[in-house]
$ cat protein-v1.cif   # mmCIF, C-alpha atoms and all ligand atoms
data_coords
loop_
_atom_site.group_PDB
_atom_site.id
_atom_site.type_symbol
_atom_site.label_atom_id
_atom_site.label_comp_id
_atom_site.auth_asym_id
_atom_site.auth_seq_id
_atom_site.Cartn_x
_atom_site.Cartn_y
_atom_site.Cartn_z
ATOM 1 C CA MET A 1 166.714 209.516 52.085
ATOM 2 C CA LYS A 2 165.735 207.322 49.199
ATOM 3 C CA ILE A 3 165.152 203.613 49.658
ATOM 4 C CA VAL A 4 165.692 201.252 46.756
ATOM 5 C CA LEU A 5 163.752 198.119 47.585
ATOM 6 C CA ALA A 6 165.195 195.077 45.832
ATOM 7 C CA ARG A 7 162.804 192.487 44.386
ATOM 8 C CA PRO A 8 162.732 189.542 44.592
ATOM 9 C CA ARG A 9 163.491 189.464 48.326
ATOM 10 C CA GLY A 10 162.316 187.562 51.374
ATOM 11 C CA PHE A 11 160.405 184.275 51.513
ATOM 12 C CA CYS A 12 161.283 181.627 48.941
ATOM 13 C CA ALA A 13 159.028 178.722 48.004
ATOM 14 C CA GLY A 14 160.851 176.334 50.376
ATOM 15 C CA VAL A 15 160.502 178.602 53.402
ATOM 16 C CA ASN A 16 156.902 179.369 52.530
ATOM 17 C CA MET A 17 156.133 175.648 52.357
ATOM 18 C CA ALA A 18 157.940 174.854 55.642
ATOM 19 C CA VAL A 19 156.344 177.715 57.601
ATOM 20 C CA THR A 20 152.879 176.914 56.220
ATOM 21 C CA ALA A 21 153.448 173.229 57.003
ATOM 22 C CA LEU A 22 154.205 174.024 60.633
ATOM 23 C CA GLU A 23 151.195 176.346 60.916
ATOM 24 C CA ARG A 24 149.000 173.644 59.410
ATOM 25 C CA ALA A 25 150.464 170.919 61.654
ATOM 26 C CA LEU A 26 149.710 173.069 64.715
ATOM 27 C CA GLU A 27 146.120 173.508 63.521
ATOM 28 C CA ILE A 28 145.687 169.793 62.934
ATOM 29 C CA TYR A 29 147.591 168.226 65.817
ATOM 30 C CA GLY A 30 147.983 171.070 68.330
ATOM 31 C CA ALA A 31 150.935 171.634 70.682
ATOM 32 C CA PRO A 32 153.341 170.356 71.740
ATOM 33 C CA LEU A 33 154.871 169.716 68.359
ATOM 34 C CA TYR A 34 158.535 168.896 67.909
ATOM 35 C CA VAL A 35 160.701 170.275 65.116
ATOM 36 C CA TYR A 36 164.160 168.936 64.413
ATOM 37 C CA HIS A 37 166.317 172.072 63.994
ATOM 38 C CA GLU A 38 164.870 175.534 63.512
ATOM 39 C CA ILE A 39 162.100 175.251 60.931
ATOM 40 C CA VAL A 40 163.820 178.053 58.967
ATOM 41 C CA HIS A 41 166.724 180.255 59.997
ATOM 42 C CA ASN A 42 164.760 183.251 61.196
ATOM 43 C CA LYS A 43 164.616 184.345 64.819
ATOM 44 C CA HIS A 44 161.191 186.005 64.629
ATOM 45 C CA ILE A 45 159.549 183.002 63.019
ATOM 46 C CA VAL A 46 161.137 180.557 65.446
ATOM 47 C CA ASP A 47 160.180 182.707 68.476
ATOM 48 C CA ARG A 48 156.591 183.006 67.226
ATOM 49 C CA PHE A 49 156.266 179.226 66.897
ATOM 50 C CA ARG A 50 157.908 178.695 70.307
ATOM 51 C CA HIS A 51 155.179 180.812 71.872
ATOM 52 C CA GLN A 52 152.617 178.588 70.156
ATOM 53 C CA GLY A 53 154.046 175.472 71.792
ATOM 54 C CA VAL A 54 156.529 174.261 69.184
ATOM 55 C CA ILE A 55 159.656 172.667 70.668
ATOM 56 C CA PHE A 56 162.774 172.997 68.525
ATOM 57 C CA LEU A 57 165.453 170.383 69.178
ATOM 58 C CA ASP A 58 168.887 169.726 67.663
ATOM 59 C CA ASP A 59 169.023 166.143 68.947
ATOM 60 C CA ILE A 60 166.478 163.639 67.635
ATOM 61 C CA ASP A 61 167.078 161.460 70.716
ATOM 62 C CA LEU A 62 165.426 164.146 72.854
ATOM 63 C CA VAL A 63 162.090 163.779 71.035
ATOM 64 C CA PRO A 64 159.843 161.501 73.139
ATOM 65 C CA SER A 65 159.176 158.068 71.584
ATOM 66 C CA GLY A 66 156.056 157.989 69.461
ATOM 67 C CA ALA A 67 155.802 161.787 69.259
ATOM 68 C CA ARG A 68 155.237 163.819 66.110
ATOM 69 C CA VAL A 69 158.284 165.604 64.697
ATOM 70 C CA MET A 70 158.757 167.851 61.709
ATOM 71 C CA TYR A 71 162.035 168.076 59.803
ATOM 72 C CA SER A 72 163.073 171.622 58.953
ATOM 73 C CA ALA A 73 163.464 173.065 55.446
ATOM 74 C CA HIS A 74 167.197 172.281 55.587
ATOM 75 C CA GLY A 75 166.714 168.510 55.555
ATOM 76 C CA VAL A 76 168.234 165.768 57.700
ATOM 77 C CA SER A 77 170.908 163.130 57.466
ATOM 78 C CA PRO A 78 169.744 159.520 56.905
ATOM 79 C CA LEU A 79 171.062 158.772 60.422
ATOM 80 C CA VAL A 80 168.378 161.060 61.825
ATOM 81 C CA GLU A 81 165.736 159.286 59.746
ATOM 82 C CA THR A 82 166.914 155.933 61.114
ATOM 83 C CA ALA A 83 166.844 157.218 64.698
ATOM 84 C CA ALA A 84 163.341 158.627 64.133
ATOM 85 C CA ALA A 85 162.121 155.270 62.790
ATOM 86 C CA GLU A 86 163.638 153.419 65.773
ATOM 87 C CA LYS A 87 161.757 155.742 68.131
ATOM 88 C CA ASN A 88 158.496 155.301 66.198
ATOM 89 C CA LEU A 89 158.290 159.043 65.602
ATOM 90 C CA HIS A 90 155.557 160.335 63.313
ATOM 91 C CA VAL A 91 157.586 162.339 60.851
ATOM 92 C CA ILE A 92 156.378 165.285 58.807
ATOM 93 C CA ASP A 93 159.114 166.082 56.333
ATOM 94 C CA ALA A 94 159.252 169.795 55.466
ATOM 95 C CA THR A 95 162.627 169.521 53.701
ATOM 96 C CA CYS A 96 162.795 171.930 50.762
ATOM 97 C CA PRO A 97 162.569 169.909 47.515
ATOM 98 C CA LEU A 98 165.688 171.708 46.267
ATOM 99 C CA VAL A 99 167.675 170.457 49.259
ATOM 100 C CA ARG A 100 166.234 166.984 48.716
ATOM 101 C CA LYS A 101 167.487 167.191 45.133
ATOM 102 C CA VAL A 102 171.038 167.669 46.449
ATOM 103 C CA HIS A 103 170.575 164.564 48.657
ATOM 104 C CA TRP A 104 169.466 162.543 45.615
ATOM 105 C CA GLN A 105 172.438 163.730 43.600
ATOM 106 C CA ALA A 106 174.826 162.842 46.433
ATOM 107 C CA ALA A 107 173.278 159.370 46.700
ATOM 108 C CA ARG A 108 173.449 158.840 42.912
ATOM 109 C CA PHE A 109 177.103 159.924 42.666
ATOM 110 C CA ALA A 110 177.998 157.767 45.685
ATOM 111 C CA GLU A 111 176.306 154.702 44.143
ATOM 112 C CA GLN A 112 178.293 155.266 40.963
ATOM 113 C CA GLY A 113 181.558 155.264 42.897
ATOM 114 C CA TYR A 114 182.327 158.982 42.718
ATOM 115 C CA LYS A 115 184.306 160.815 45.358
ATOM 116 C CA ILE A 116 182.144 163.832 46.074
ATOM 117 C CA VAL A 117 183.350 167.332 46.855
ATOM 118 C CA LEU A 118 180.680 169.407 48.584
ATOM 119 C CA VAL A 119 181.148 173.181 48.481
ATOM 120 C CA GLY A 120 179.471 174.594 51.569
ATOM 121 C CA HIS A 121 179.721 175.874 55.107
ATOM 122 C CA ARG A 122 180.688 173.471 57.861
ATOM 123 C CA ASP A 123 178.017 172.952 60.532
ATOM 124 C CA HIS A 124 175.185 174.429 58.458
ATOM 125 C CA ASP A 125 172.144 172.166 58.968
ATOM 126 C CA GLU A 126 171.846 171.528 55.235
ATOM 127 C CA VAL A 127 175.511 170.568 54.873
ATOM 128 C CA VAL A 128 175.340 168.212 57.859
ATOM 129 C CA GLY A 129 172.360 166.498 56.222
ATOM 130 C CA VAL A 130 174.042 166.123 52.819
ATOM 131 C CA LEU A 131 177.309 164.845 54.349
ATOM 132 C CA GLY A 132 175.269 162.133 56.060
ATOM 133 C CA VAL A 133 173.951 160.814 52.728
ATOM 134 C CA ALA A 134 177.295 159.273 51.805
ATOM 135 C CA PRO A 135 179.582 159.336 54.833
ATOM 136 C CA GLY A 136 183.193 158.677 53.904
ATOM 137 C CA GLN A 137 182.578 159.583 50.262
ATOM 138 C CA ILE A 138 182.017 163.335 50.615
ATOM 139 C CA THR A 139 184.685 165.931 51.389
ATOM 140 C CA LEU A 140 183.564 169.397 52.390
ATOM 141 C CA VAL A 141 185.411 172.392 50.930
ATOM 142 C CA GLU A 142 184.772 175.907 52.192
ATOM 143 C CA SER A 143 187.599 177.804 50.498
ATOM 144 C CA LEU A 144 190.242 177.781 47.784
ATOM 145 C CA ALA A 145 192.728 176.559 50.391
ATOM 146 C CA ASP A 146 190.483 173.561 51.037
ATOM 147 C CA VAL A 147 190.474 172.777 47.298
ATOM 148 C CA ASP A 148 194.263 173.017 47.211
ATOM 149 C CA ALA A 149 194.473 170.660 50.177
ATOM 150 C CA LEU A 150 192.327 167.956 48.520
ATOM 151 C CA ASP A 151 194.136 164.679 48.230
ATOM 152 C CA LEU A 152 192.243 163.026 45.383
ATOM 153 C CA SER A 153 193.893 161.084 42.614
ATOM 154 C CA SER A 154 193.614 161.900 38.920
ATOM 155 C CA THR A 155 192.180 158.416 38.459
ATOM 156 C CA ASP A 156 189.391 158.978 40.995
ATOM 157 C CA LYS A 157 185.912 159.648 39.684
ATOM 158 C CA ILE A 158 185.161 163.069 41.162
ATOM 159 C CA ALA A 159 181.852 164.920 41.377
ATOM 160 C CA PHE A 160 181.001 168.207 43.038
ATOM 161 C CA LEU A 161 177.848 169.500 44.699
ATOM 162 C CA THR A 162 177.107 172.836 46.336
ATOM 163 C CA GLN A 163 175.066 174.017 49.285
ATOM 164 C CA THR A 164 171.894 175.728 48.006
ATOM 165 C CA THR A 165 172.514 179.103 49.659
ATOM 166 C CA LEU A 166 176.062 180.045 48.675
ATOM 167 C CA SER A 167 177.245 183.198 46.961
ATOM 168 C CA VAL A 168 177.088 182.406 43.237
ATOM 169 C CA ASP A 169 180.355 184.256 42.601
ATOM 170 C CA GLU A 170 182.254 182.632 45.465
ATOM 171 C CA ALA A 171 181.034 179.168 44.520
ATOM 172 C CA ASN A 172 182.123 179.756 40.925
ATOM 173 C CA VAL A 173 185.629 180.699 42.053
ATOM 174 C CA ILE A 174 185.897 177.526 44.140
ATOM 175 C CA ILE A 175 184.445 175.300 41.403
ATOM 176 C CA SER A 176 186.799 176.809 38.798
ATOM 177 C CA GLN A 177 189.750 175.977 41.025
ATOM 178 C CA LEU A 178 188.407 172.463 41.517
ATOM 179 C CA LYS A 179 188.087 172.053 37.741
ATOM 180 C CA ARG A 180 191.644 173.333 37.267
ATOM 181 C CA ARG A 181 192.960 170.716 39.695
ATOM 182 C CA TYR A 182 190.674 167.914 38.515
ATOM 183 C CA PRO A 183 189.604 168.685 34.926
ATOM 184 C CA HIS A 184 187.640 165.432 34.749
ATOM 185 C CA CYS A 185 185.390 166.289 37.712
ATOM 186 C CA VAL A 186 181.675 166.435 37.010
ATOM 187 C CA GLY A 187 178.853 168.391 38.611
ATOM 188 C CA SER A 188 175.242 169.206 38.030
ATOM 189 C CA PRO A 189 174.846 171.146 34.765
ATOM 190 C CA LYS A 190 173.591 174.076 36.863
ATOM 191 C CA GLU A 191 175.175 174.116 40.250
ATOM 192 C CA ASP A 192 172.844 173.478 43.164
ATOM 193 C CA ILE A 193 172.579 177.060 44.396
ATOM 194 C CA CYS A 194 168.822 177.477 44.394
ATOM 195 C CA TYR A 195 166.778 179.876 42.266
ATOM 196 C CA ALA A 196 165.817 181.979 45.313
ATOM 197 C CA THR A 197 169.408 182.498 46.452
ATOM 198 C CA GLN A 198 170.488 183.393 42.916
ATOM 199 C CA ASN A 199 167.552 185.754 42.323
ATOM 200 C CA ARG A 200 168.041 187.659 45.599
ATOM 201 C CA GLN A 201 171.740 188.101 44.873
ATOM 202 C CA GLU A 202 171.008 189.237 41.318
ATOM 203 C CA ALA A 203 168.365 191.752 42.519
ATOM 204 C CA LEU A 204 170.771 193.228 45.071
ATOM 205 C CA LYS A 205 173.696 193.420 42.636
ATOM 206 C CA ALA A 206 171.466 195.266 40.156
ATOM 207 C CA VAL A 207 171.075 198.203 42.569
ATOM 208 C CA LEU A 208 174.494 198.322 44.211
ATOM 209 C CA ASP A 209 175.926 200.957 41.866
ATOM 210 C CA ASP A 210 173.187 203.368 42.908
ATOM 211 C CA VAL A 211 173.235 203.069 46.693
ATOM 212 C CA ASP A 212 175.327 204.255 49.654
ATOM 213 C CA ALA A 213 174.313 201.570 52.160
ATOM 214 C CA VAL A 214 172.479 198.252 52.277
ATOM 215 C CA VAL A 215 170.084 196.896 54.872
ATOM 216 C CA VAL A 216 169.559 193.129 54.746
ATOM 217 C CA VAL A 217 166.653 191.817 56.782
ATOM 218 C CA GLY A 218 167.551 188.324 57.971
ATOM 219 C CA SER A 219 168.898 186.438 60.950
ATOM 220 C CA GLU A 220 172.543 185.943 61.844
ATOM 221 C CA ASN A 221 172.332 182.201 61.204
ATOM 222 C CA SER A 222 170.683 182.601 57.790
ATOM 223 C CA SER A 223 173.233 181.608 55.173
ATOM 224 C CA ASN A 224 171.666 183.372 52.198
ATOM 225 C CA SER A 225 171.097 186.570 54.237
ATOM 226 C CA ASN A 226 174.778 186.619 55.207
ATOM 227 C CA ARG A 227 175.752 186.179 51.566
ATOM 228 C CA LEU A 228 173.663 189.255 50.630
ATOM 229 C CA ALA A 229 175.444 191.368 53.253
ATOM 230 C CA GLU A 230 178.819 190.050 52.063
ATOM 231 C CA ILE A 231 178.068 190.890 48.431
ATOM 232 C CA ALA A 232 177.360 194.505 49.427
ATOM 233 C CA ALA A 233 180.501 194.664 51.581
ATOM 234 C CA GLU A 234 182.608 193.260 48.724
ATOM 235 C CA HIS A 235 181.380 196.209 46.618
ATOM 236 C CA GLY A 236 182.676 198.524 49.341
ATOM 237 C CA ILE A 237 179.186 199.416 50.535
ATOM 238 C CA PRO A 238 178.355 199.339 54.255
ATOM 239 C CA ALA A 239 175.862 196.551 54.884
ATOM 240 C CA TYR A 240 173.734 195.966 57.962
ATOM 241 C CA LEU A 241 172.270 192.515 58.617
ATOM 242 C CA ILE A 242 169.327 192.986 60.967
ATOM 243 C CA ASP A 243 166.532 190.849 62.353
ATOM 244 C CA GLY A 244 163.994 193.643 62.148
ATOM 245 C CA PRO A 245 163.270 197.342 62.708
ATOM 246 C CA ALA A 246 164.284 197.194 66.389
ATOM 247 C CA ASP A 247 167.890 196.585 65.294
ATOM 248 C CA ILE A 248 168.169 199.723 63.162
ATOM 249 C CA ASP A 249 170.498 202.272 64.726
ATOM 250 C CA PRO A 250 169.596 205.719 63.312
ATOM 251 C CA THR A 251 173.226 206.866 63.740
ATOM 252 C CA TRP A 252 174.161 204.564 60.818
ATOM 253 C CA PHE A 253 172.643 207.136 58.468
ATOM 254 C CA ARG A 254 172.943 210.873 57.800
ATOM 255 C CA GLY A 255 169.497 210.941 56.263
ATOM 256 C CA ASP A 256 170.370 211.985 52.726
ATOM 257 C CA GLU A 257 171.607 208.633 51.394
ATOM 258 C CA VAL A 258 170.243 206.114 48.965
ATOM 259 C CA VAL A 259 169.745 202.896 50.947
ATOM 260 C CA ALA A 260 169.047 199.501 49.399
ATOM 261 C CA VAL A 261 166.754 197.239 51.404
ATOM 262 C CA THR A 262 166.544 193.512 50.753
ATOM 263 C CA ALA A 263 165.696 190.392 52.745
ATOM 264 C CA GLY A 264 167.016 186.851 52.956
ATOM 265 C CA ALA A 265 164.858 183.908 51.894
ATOM 266 C CA SER A 266 163.650 183.221 55.435
ATOM 267 C CA ALA A 267 162.776 186.810 56.407
ATOM 268 C CA PRO A 268 159.047 187.637 56.515
ATOM 269 C CA GLU A 269 157.794 190.670 54.602
ATOM 270 C CA ASP A 270 156.186 192.285 57.692
ATOM 271 C CA LEU A 271 159.698 192.807 59.098
ATOM 272 C CA VAL A 272 160.780 194.482 55.856
ATOM 273 C CA GLU A 273 157.712 196.717 56.056
ATOM 274 C CA GLY A 274 158.571 197.575 59.670
ATOM 275 C CA CYS A 275 162.054 198.659 58.574
ATOM 276 C CA LEU A 276 160.662 200.776 55.735
ATOM 277 C CA ASP A 277 158.176 202.425 58.125
ATOM 278 C CA LEU A 278 160.933 203.273 60.570
ATOM 279 C CA LEU A 279 163.231 204.728 57.891
ATOM 280 C CA CYS A 280 160.347 206.708 56.372
ATOM 281 C CA ARG A 281 159.322 208.114 59.760
ATOM 282 C CA THR A 282 162.879 208.898 60.910
ATOM 283 C CA PHE A 283 164.399 210.189 57.676
ATOM 284 C CA GLY A 284 161.392 211.061 55.510
ATOM 285 C CA ALA A 285 162.562 208.369 53.118
ATOM 286 C CA HIS A 286 160.647 207.569 49.943
ATOM 287 C CA VAL A 287 160.639 204.060 48.535
ATOM 288 C CA GLU A 288 161.248 202.885 44.989
ATOM 289 C CA GLU A 289 160.985 199.154 44.299
ATOM 290 C CA ARG A 290 163.227 197.670 41.609
ATOM 291 C CA MET A 291 162.460 194.229 40.262
ATOM 292 C CA THR A 292 164.908 192.089 38.315
ATOM 293 C CA ARG A 293 162.593 189.121 37.812
ATOM 294 C CA GLU A 294 159.284 187.647 38.878
ATOM 295 C CA GLU A 295 159.108 184.411 40.832
ATOM 296 C CA HIS A 296 156.315 181.876 40.444
ATOM 297 C CA VAL A 297 157.804 178.880 42.242
ATOM 298 C CA PHE A 298 155.473 176.980 44.577
ATOM 299 C CA PHE A 299 156.120 173.829 46.600
ATOM 300 C CA PRO A 300 153.158 171.806 47.907
ATOM 301 C CA LEU A 301 152.803 170.913 51.582
ATOM 302 C CA PRO A 302 154.192 167.583 52.836
ATOM 303 C CA LEU A 303 151.801 164.797 51.823
ATOM 304 C CA GLU A 304 150.624 164.058 55.358
ATOM 305 C CA LEU A 305 149.300 167.621 55.778
ATOM 306 C CA ARG A 306 147.334 167.886 52.578
ATOM 307 C CA GLU A 307 143.566 167.387 52.819
ATOM 308 C CA LYS A 308 143.692 166.775 56.617
ATOM 309 C CA GLU A 309 140.998 168.570 58.614
ATOM 310 C CA PRO A 310 141.942 170.334 61.865
ATOM 311 C CA GLN A 311 140.930 168.350 64.972
ATOM 312 C CA PRO A 312 137.895 169.836 66.774
ATOM 313 C CA VAL A 313 138.867 171.942 69.782
ATOM 314 C CA ALA A 314 137.442 170.394 72.973
HETATM 315 FE FE1 LIG B 401 164.763 175.888 49.296
HETATM 316 FE FE2 LIG B 401 166.404 177.755 48.311
HETATM 317 FE FE3 LIG B 401 164.523 178.438 50.000
HETATM 318 FE FE4 LIG B 401 166.625 177.008 50.863
HETATM 319 S S1 LIG B 401 166.643 179.115 50.083
HETATM 320 S S2 LIG B 401 164.475 176.673 51.390
HETATM 321 S S3 LIG B 401 166.964 175.709 49.049
HETATM 322 S S4 LIG B 401 164.191 177.558 47.930
#
$ encode --input "protein-v1.cif" --output "structure tokens"
Amino acid sequence: MKIVLARPRGFCAGVNMAVTALERALEIYGAPLYVYHEIVHNKHIVDRFRHQGVIFLDDIDLVPSGARVMYSAHGVSPLVETAAAEKNLHVIDATCPLVRKVHWQAARFAEQGYKIVLVGHRDHDEVVGVLGVAPGQITLVESLADVDALDLSSTDKIAFLTQTTLSVDEANVIISQLKRRYPHCVGSPKEDICYATQNRQEALKAVLDDVDAVVVVGSENSSNSNRLAEIAAEHGIPAYLIDGPADIDPTWFRGDEVVAVTAGASAPEDLVEGCLDLLCRTFGAHVEERMTREEHVFFPLPLELREKEPQPVA
């Protein structure tokens, strides 16, 4: 077996910031610490923090009044911020700056009287947050059929936004259809799919012609990990989305294939290494890494965590 290891893969700057922020908050404030939604969409990371006393909640009303709560990398709706203020919660905002940028754009378009079309996946934490920025002014579209069903007038000012973790190709198809129906619609010059999502898709696509199967390390609820598996499947290549080495079923492989390995933006590298170890031990695989581009993006910690010293342990 040969393994072609796609690069870039795994942690993006937003996930790195959010995970480091939670580690730092635990050091400074100790447990219990509340997090609104999973800090990032990765089972291993969430389980690890749970064992350290972090309580993940999907309802801000369940956080005790006056407690400390961190917002996840996916951001929150303004309604959640209002509820947190009413409960006197001490908020640490670990929203990825690239998600926050989508919130700002939604707010700006709404102020200017645009009807906003958001391309994204219903119920994803990020989409719920963005929809809350301008309730009543944003319509979610998930498919071409949704675009066809839009009931906007040619005199409406129309703007589009996209979830940050979509498939670039799928989003382009939907946006092209939107532009066909509403040629006057406007959007950000570059759509909002983030650099990390685009780079991981590009790195995987670059190796697809040379491989027989694809292993994507990432959790089931990770949007960008799912998109990687879909891209492989659309090329007719069997793709396995797994949380880690324990999920690998050796019967998937004969042992003489070329297998691409990649990881979604919230999957830690130690899980990728565990998968490589297992494939090397089981099939005598050798690994070749292929890089399409380097990444040097870094997001600083939330303001309230910078410079703070950990509290002395009693
Ligand atoms: Fe931010 Fe993109 Fe990472 Fe999401 S995938 S946390 S938008 S950098």
$ closest_residue --input "protein-v1.cif" --among "A:Val133, A:Val207, A:Val272, A:Ile45" --to "Val259 of chain A" --atoms "only C-alpha atoms"
A:Val207
$ axis_aligned_box --input "protein-v1.cif" --around "ligand LIG 401 (chain B)" --padding-each-side "4 Å" --output "JSON"
{"center_x": 165.6, "center_y": 177.4, "center_z": 49.7, "size_x": 10.8, "size_y": 11.4, "size_z": 11.5}
$ residues_near_point --input "protein-v1.cif" --point "(151.7, 171.1, 71.9)" --cutoff "10 Å" --atoms "only C-alpha atoms" --output "list in words"
Leu26, Tyr29, Gly30, Ala31, Pro32, Leu33, Tyr34, Arg50, Gln52, Gly53, Val54, Ile55 and Arg68 of chain A
$ closest_residue --input "protein-v1.cif" --among "A:Arg293, A:Lys157, A:Arg281, A:His74" --to "Ala206 of chain A" --atoms "only C-alpha atoms"
A:Arg293
$ residues_near_ligand --input "protein-v1.cif" --ligand "ligand LIG 401 (chain B)" --cutoff "6 Å" --atoms "only C-alpha atoms and all ligand atoms" --output "list of chain:residue names"
A:Cys12, A:Ala13, A:Gly14, A:Val15, A:Ala73, A:Cys96, A:Leu98, A:Val99, A:Thr164, A:Thr165, A:Cys194, A:Ala196, A:Thr197, A:Ala265
$ write_last_selection --input "protein-v1.cif" --atoms "C-alpha atoms" --output "compact mmCIF listing (two decimals), in the frame of the given file"
# COMPACT_ATOMS: atom_id res chain seq x y z
CA CYS A 12 161.28 181.63 48.94
CA ALA A 13 159.03 178.72 48.00
CA GLY A 14 160.85 176.33 50.38
CA VAL A 15 160.50 178.60 53.40
CA ALA A 73 163.46 173.06 55.45
CA CYS A 96 162.79 171.93 50.76
CA LEU A 98 165.69 171.71 46.27
CA VAL A 99 167.68 170.46 49.26
CA THR A 164 171.89 175.73 48.01
CA THR A 165 172.51 179.10 49.66
CA CYS A 194 168.82 177.48 44.39
CA ALA A 196 165.82 181.98 45.31
CA THR A 197 169.41 182.50 46.45
CA ALA A 265 164.86 183.91 51.89
$ residues_near_point --input "protein-v1.cif" --point "(178.1, 186.6, 53.5)" --cutoff "12 Å" --atoms "all atoms listed in the file" --output "ChimeraX atom specification"
/A:121,165-170,197,201,216,218-234,239-241,264
$ write_last_selection --input "protein-v1.cif" --atoms "C-alpha atoms" --output "mmCIF file, keeping the file's coordinate frame"
data_model
loop_
_atom_site.group_PDB
_atom_site.id
_atom_site.type_symbol
_atom_site.label_atom_id
_atom_site.label_comp_id
_atom_site.auth_asym_id
_atom_site.auth_seq_id
_atom_site.Cartn_x
_atom_site.Cartn_y
_atom_site.Cartn_z
ATOM 1 C CA HIS A 121 179.721 175.874 55.107
ATOM 2 C CA THR A 165 172.514 179.103 49.659
ATOM 3 C CA LEU A 166 176.062 180.045 48.675
ATOM 4 C CA SER A 167 177.245 183.198 46.961
ATOM 5 C CA VAL A 168 177.088 182.406 43.237
ATOM 6 C CA ASP A 169 180.355 184.256 42.601
ATOM 7 C CA GLU A 170 182.254 182.632 45.465
ATOM 8 C CA THR A 197 169.408 182.498 46.452
ATOM 9 C CA GLN A 201 171.740 188.101 44.873
ATOM 10 C CA VAL A 216 169.559 193.129 54.746
ATOM 11 C CA GLY A 218 167.551 188.324 57.971
ATOM 12 C CA SER A 219 168.898 186.438 60.950
ATOM 13 C CA GLU A 220 172.543 185.943 61.844
ATOM 14 C CA ASN A 221 172.332 182.201 61.204
ATOM 15 C CA SER A 222 170.683 182.601 57.790
ATOM 16 C CA SER A 223 173.233 181.608 55.173
ATOM 17 C CA ASN A 224 171.666 183.372 52.198
ATOM 18 C CA SER A 225 171.097 186.570 54.237
ATOM 19 C CA ASN A 226 174.778 186.619 55.207
ATOM 20 C CA ARG A 227 175.752 186.179 51.566
ATOM 21 C CA LEU A 228 173.663 189.255 50.630
ATOM 22 C CA ALA A 229 175.444 191.368 53.253
ATOM 23 C CA GLU A 230 178.819 190.050 52.063
ATOM 24 C CA ILE A 231 178.068 190.890 48.431
ATOM 25 C CA ALA A 232 177.360 194.505 49.427
ATOM 26 C CA ALA A 233 180.501 194.664 51.581
ATOM 27 C CA GLU A 234 182.608 193.260 48.724
ATOM 28 C CA ALA A 239 175.862 196.551 54.884
ATOM 29 C CA TYR A 240 173.734 195.966 57.962
ATOM 30 C CA LEU A 241 172.270 192.515 58.617
ATOM 31 C CA GLY A 264 167.016 186.851 52.956
#
$ atom_distance --input "protein-v1.cif" --atom1 "atom CA of Met70 of chain A" --atom2 "atom CA of Leu89 of chain A"
9.6 Å
$ closest_residue --input "protein-v1.cif" --among "A:Ala145, A:Ile39, A:Ala110, A:Val63" --to "Glu126 of chain A" --atoms "all atoms listed in the file"
A:Ile39
$ residues_around --input "protein-v1.cif" --residues "Thr95 of chain A" --least-positions-apart "4" --cutoff "12 Å" --atoms "all atoms listed in the file" --output "ChimeraX atom specification"
/A:13-19,21-22,35-40,70-77,91,99-103,125-126,129-130,299-303
$ resolve_selection --input "protein-v1.cif" --expression "the PyMOL selection byres (((chain A and resi 122) around 12) and not hetatm)" --output "number ranges by chain"
A: 118-121, 123-131, 139-143, 146, 163, 223
$ closest_residue --input "protein-v1.cif" --among "A:Ala203, A:Ala83, A:Ala159, A:Ile237" --to "Glu289 of chain A" --atoms "all atoms listed in the file"
A:Ala203
$ closest_residue --input "protein-v1.cif" --among "A:Leu204, A:Ala263, A:Leu57, A:Ile138" --to "Met291 of chain A" --atoms "all atoms listed in the file"
A:Leu204
$ residues_around --input "protein-v1.cif" --residues "Arg181 of chain A" --least-positions-apart "4" --cutoff "10 Å" --atoms "only C-alpha atoms" --output "PDB file with C-alpha atoms, in the frame of the given file"
ATOM      1  CA  VAL A 147     190.474 172.777  47.298  1.00  0.00           C
ATOM      2  CA  ASP A 148     194.263 173.017  47.211  1.00  0.00           C
ATOM      3  CA  LEU A 150     192.327 167.956  48.520  1.00  0.00           C
ATOM      4  CA  LEU A 152     192.243 163.026  45.383  1.00  0.00           C
ATOM      5  CA  SER A 154     193.614 161.900  38.920  1.00  0.00           C
ATOM      6  CA  ILE A 175     184.445 175.300  41.403  1.00  0.00           C
ATOM      7  CA  SER A 176     186.799 176.809  38.798  1.00  0.00           C
ATOM      8  CA  GLN A 177     189.750 175.977  41.025  1.00  0.00           C
ATOM      9  CA  CYS A 185     185.390 166.289  37.712  1.00  0.00           C
TER      10      CYS A 185
END
$ atom_distance --input "protein-v1.cif" --atom1 "atom CA of Leu208 of chain A" --atom2 "atom CA of Thr282 of chain A"
22.9 Å
